[in-house]
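S.K.: Can you read through this structure? Questions will come right after.
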Amino acid sequence: MGNQRLATIAILSFVAGLLVVSALVLSGLGVQGGFWSYRTGLTILRWAAWSGLGVIAVSLIACFYVTKGTLRRGLAIATIGGLCGILAYALPASMLSKARSVPPIHDITTDTQNPPRFIDIVPLREKAKASNSIVYGGAKIAAQQMKGYPDIKPLDTAIPVRRAFDAALAVAADLGWQIVASIPGEDRIEATDRTFWFGFTDDVVIRITALAGGSRIDIRSVSRVGRSDVGTNAARIRRFFTALTANLNP
């Protein structure tokens with residue numbers, strides 16, 4: 001009877017671990033599939049994290065008792081359950097930690113004085129009923145960006161505008177962005193990109209202006225929903241400039 005009870009604890013840990021990991025995955029897939037709102041997805045993510053702590057506790061108890069004889073298989077599945085609990089807790093915890101370490105803003109631009117303007121994407125945002133405004137937040141947002149992302153600045157190059165435009169367009173496509181507009185006459189590119197976990201659609205505009213002996217490339221990345229982007233837009237701009245620099249200097 002005692003051995004059976006210990007084996008049951010191990011099985012319980014394993015099953016509970018699978019359930020919390022399933023909830024973790026479904027929190028994002030459900031939003032991407034349109035089955036529930038991102039707020040519901042965040043709630044599921046939160047409950048998966050707290051439940052993961054419970055699974056870890058049950059797994060530790062099971063691993064403590066299930067240690068010898070024929071119950072070593074119970075130790076293995078209890079350990080798997082505990083690892084699932086750790087995953088269910090660690091991922092949301094890392095997201096929360098990241099959110100607390102960056103400014104609570106969602107509009108990042110290389111030019112805070114004269115941000116690149118969205119034109120062709122505006123109707124798409126209206127159709128999607130984006131909760132965030134397309135109007136730049138001004139000095140307050142600029143100050144928060146400067147404090148959190150001091151490296152986000154324009155890229156000055158020694159190449160002509162048209163070549164910079166073509167390179168920027170190629171890099172945007174290579175990064176998997178959906179190109180909404182590319183207007184060579186206006187030296188403007190607009191695109192959308194999706195976040196990994198919840199599949200949020202973010203909007204991007206690239207502006208190229210002529211400089212003496214070269215060109216300047218500015219970029220702006222804005223989330224459609226959520227007060228904080230958890231650093232996503234700044235990371236997107238960094239990836240773009242890294243890839244663009246590599247493209248211009250092979």
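Labeling convention for the structure tokens: chains A, B, ... as they appear, residues from 1 per chain, ligands from 1 in order of appearance.
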Using only C-alpha atoms, which residues sit within 9 Å of Val31 (chain A) once same-chain residues fewer than 5 positions away are excluded, as a list of chain:residue names?

M.R.: A:Leu26, A:Trp36, A:Ser37, A:Tyr38, A:Arg39, A:Thr40, A:Gly41, A:Trp197, A:Phe198, A:Gly199, A:Phe200

S.K.: The selected residues should be written to file as a short mmCIF file (atom, residue, chain, number, x, y, z; two decimals), in the first residue's frame (atoms: N, CA and C atoms).

M.R.:
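See selection.cif below for the written result:
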data_model
loop_
_atom_site.label_atom_id
_atom_site.label_comp_id
_atom_site.auth_asym_id
_atom_site.auth_seq_id
_atom_site.Cartn_x
_atom_site.Cartn_y
_atom_site.Cartn_z
N LEU A 26 -0.59 26.80 -24.64
CA LEU A 26 -1.89 27.23 -25.14
C LEU A 26 -2.16 28.71 -24.86
N TRP A 36 -8.97 33.38 -27.91
CA TRP A 36 -9.23 34.28 -26.79
C TRP A 36 -8.33 35.50 -26.92
N SER A 37 -8.64 36.52 -26.11
CA SER A 37 -7.89 37.77 -26.17
C SER A 37 -6.52 37.61 -25.53
N TYR A 38 -5.66 38.58 -25.78
CA TYR A 38 -4.32 38.50 -25.18
C TYR A 38 -4.39 38.66 -23.67
N ARG A 39 -5.42 39.35 -23.18
CA ARG A 39 -5.59 39.47 -21.72
C ARG A 39 -5.88 38.10 -21.11
N THR A 40 -6.74 37.33 -21.79
CA THR A 40 -7.00 35.97 -21.34
C THR A 40 -5.73 35.14 -21.41
N GLY A 41 -4.96 35.32 -22.48
CA GLY A 41 -3.70 34.60 -22.62
C GLY A 41 -2.74 34.92 -21.48
N TRP A 197 5.59 34.91 -28.91
CA TRP A 197 4.73 34.13 -28.03
C TRP A 197 3.25 34.33 -28.32
N PHE A 198 2.79 35.57 -28.28
CA PHE A 198 1.37 35.83 -28.48
C PHE A 198 1.02 36.17 -29.93
N GLY A 199 2.04 36.35 -30.77
CA GLY A 199 1.77 36.66 -32.17
C GLY A 199 1.20 38.05 -32.37
N PHE A 200 1.55 39.00 -31.48
CA PHE A 200 1.10 40.38 -31.64
C PHE A 200 1.66 40.95 -32.94
#

S.K.: Which is closer to Ser221 (chain A) than all the others in A:Ile9, A:Ala49, A:Ala139, A:Val205, using only C-alpha atoms?

M.R.: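 Under the stated criterion, the closest residue is A:Val205.
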
S.K.: To one decimal in Å, tell me the separation between CA of Ser228 (chain A) and CA of Pro103 (chain A).

M.R.: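 Here the two named atoms are 7.3 Å from each other.
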
S.K.: Give me, as a count of residues only, all polymer residues having an atom no more than 9 Å from Ile11 (chain A), counting only C-alpha atoms and skipping those fewer than 2 positions away in the same chain.

M.R.: 13

S.K.: Can you check which residues of region 82-212 of chain A DSSP gives as strand (DSSP E or B) on the backbone and send them as a count of residues only?

M.R.: 30

S.K.: Output as a PyMOL selection string all residues of region 130-238 of chain A that backbone DSSP marks as helix (DSSP H, G or I).

M.R.: chain A and resi 139-148+161-174+232-238

S.K.: Mind giving me the straight-line distance from CA of Val204 (chain A) to CA of Arg163 (chain A) in Å, one decimal?

M.R.: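 The value is 19.7 Å.
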
S.K.: So that I can see what lies close to Gly231 (chain A), please list as JSON, numbers by chain the residues with an atom at most 10 Å from it, counting only C-alpha atoms and leaving out residues fewer than 2 positions away in the same chain.

M.R.: {"A": [98, 99, 101, 102, 103, 104, 105, 106, 108, 148, 149, 228, 229, 233, 234, 235, 236]}

S.K.: Could you tell me which of A:Gly213, A:Pro154, A:Gly176, A:Gly226 comes closest to Asn132 (chain A) if we count only C-alpha atoms?

M.R.: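 Ranked by minimum distance to Asn132 (chain A), first place goes to A:Gly226.
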
S.K.: Find the residues near Gly52 (chain A): any atom within 7 Å, counting only C-alpha atoms, skip ones fewer than 5 places away on the same chain, and give them as a VMD selection string.

M.R.: chain A and resid 20 85 to 86 88 to 89

S.K.: Output C-alpha atoms of each residue in that selection to a file, as an mmCIF file, in the first residue's frame.

M.R.:
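Saved as part-v2.cif:
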data_model
loop_
_atom_site.group_PDB
_atom_site.id
_atom_site.type_symbol
_atom_site.label_atom_id
_atom_site.label_comp_id
_atom_site.auth_asym_id
_atom_site.auth_seq_id
_atom_site.Cartn_x
_atom_site.Cartn_y
_atom_site.Cartn_z
ATOM 1 C CA VAL A 20 0.895 23.245 -16.689
ATOM 2 C CA GLY A 85 6.846 22.832 -13.423
ATOM 3 C CA ILE A 86 10.135 24.710 -13.581
ATOM 4 C CA ALA A 88 5.973 26.681 -16.588
ATOM 5 C CA TYR A 89 7.223 29.038 -13.888
#

S.K.: Could you tell me which of A:Phe165, A:Tyr136, A:Phe240, A:Trp50 comes closest to Leu24 (chain A) if we count only C-alpha atoms?

M.R.: A:Trp50
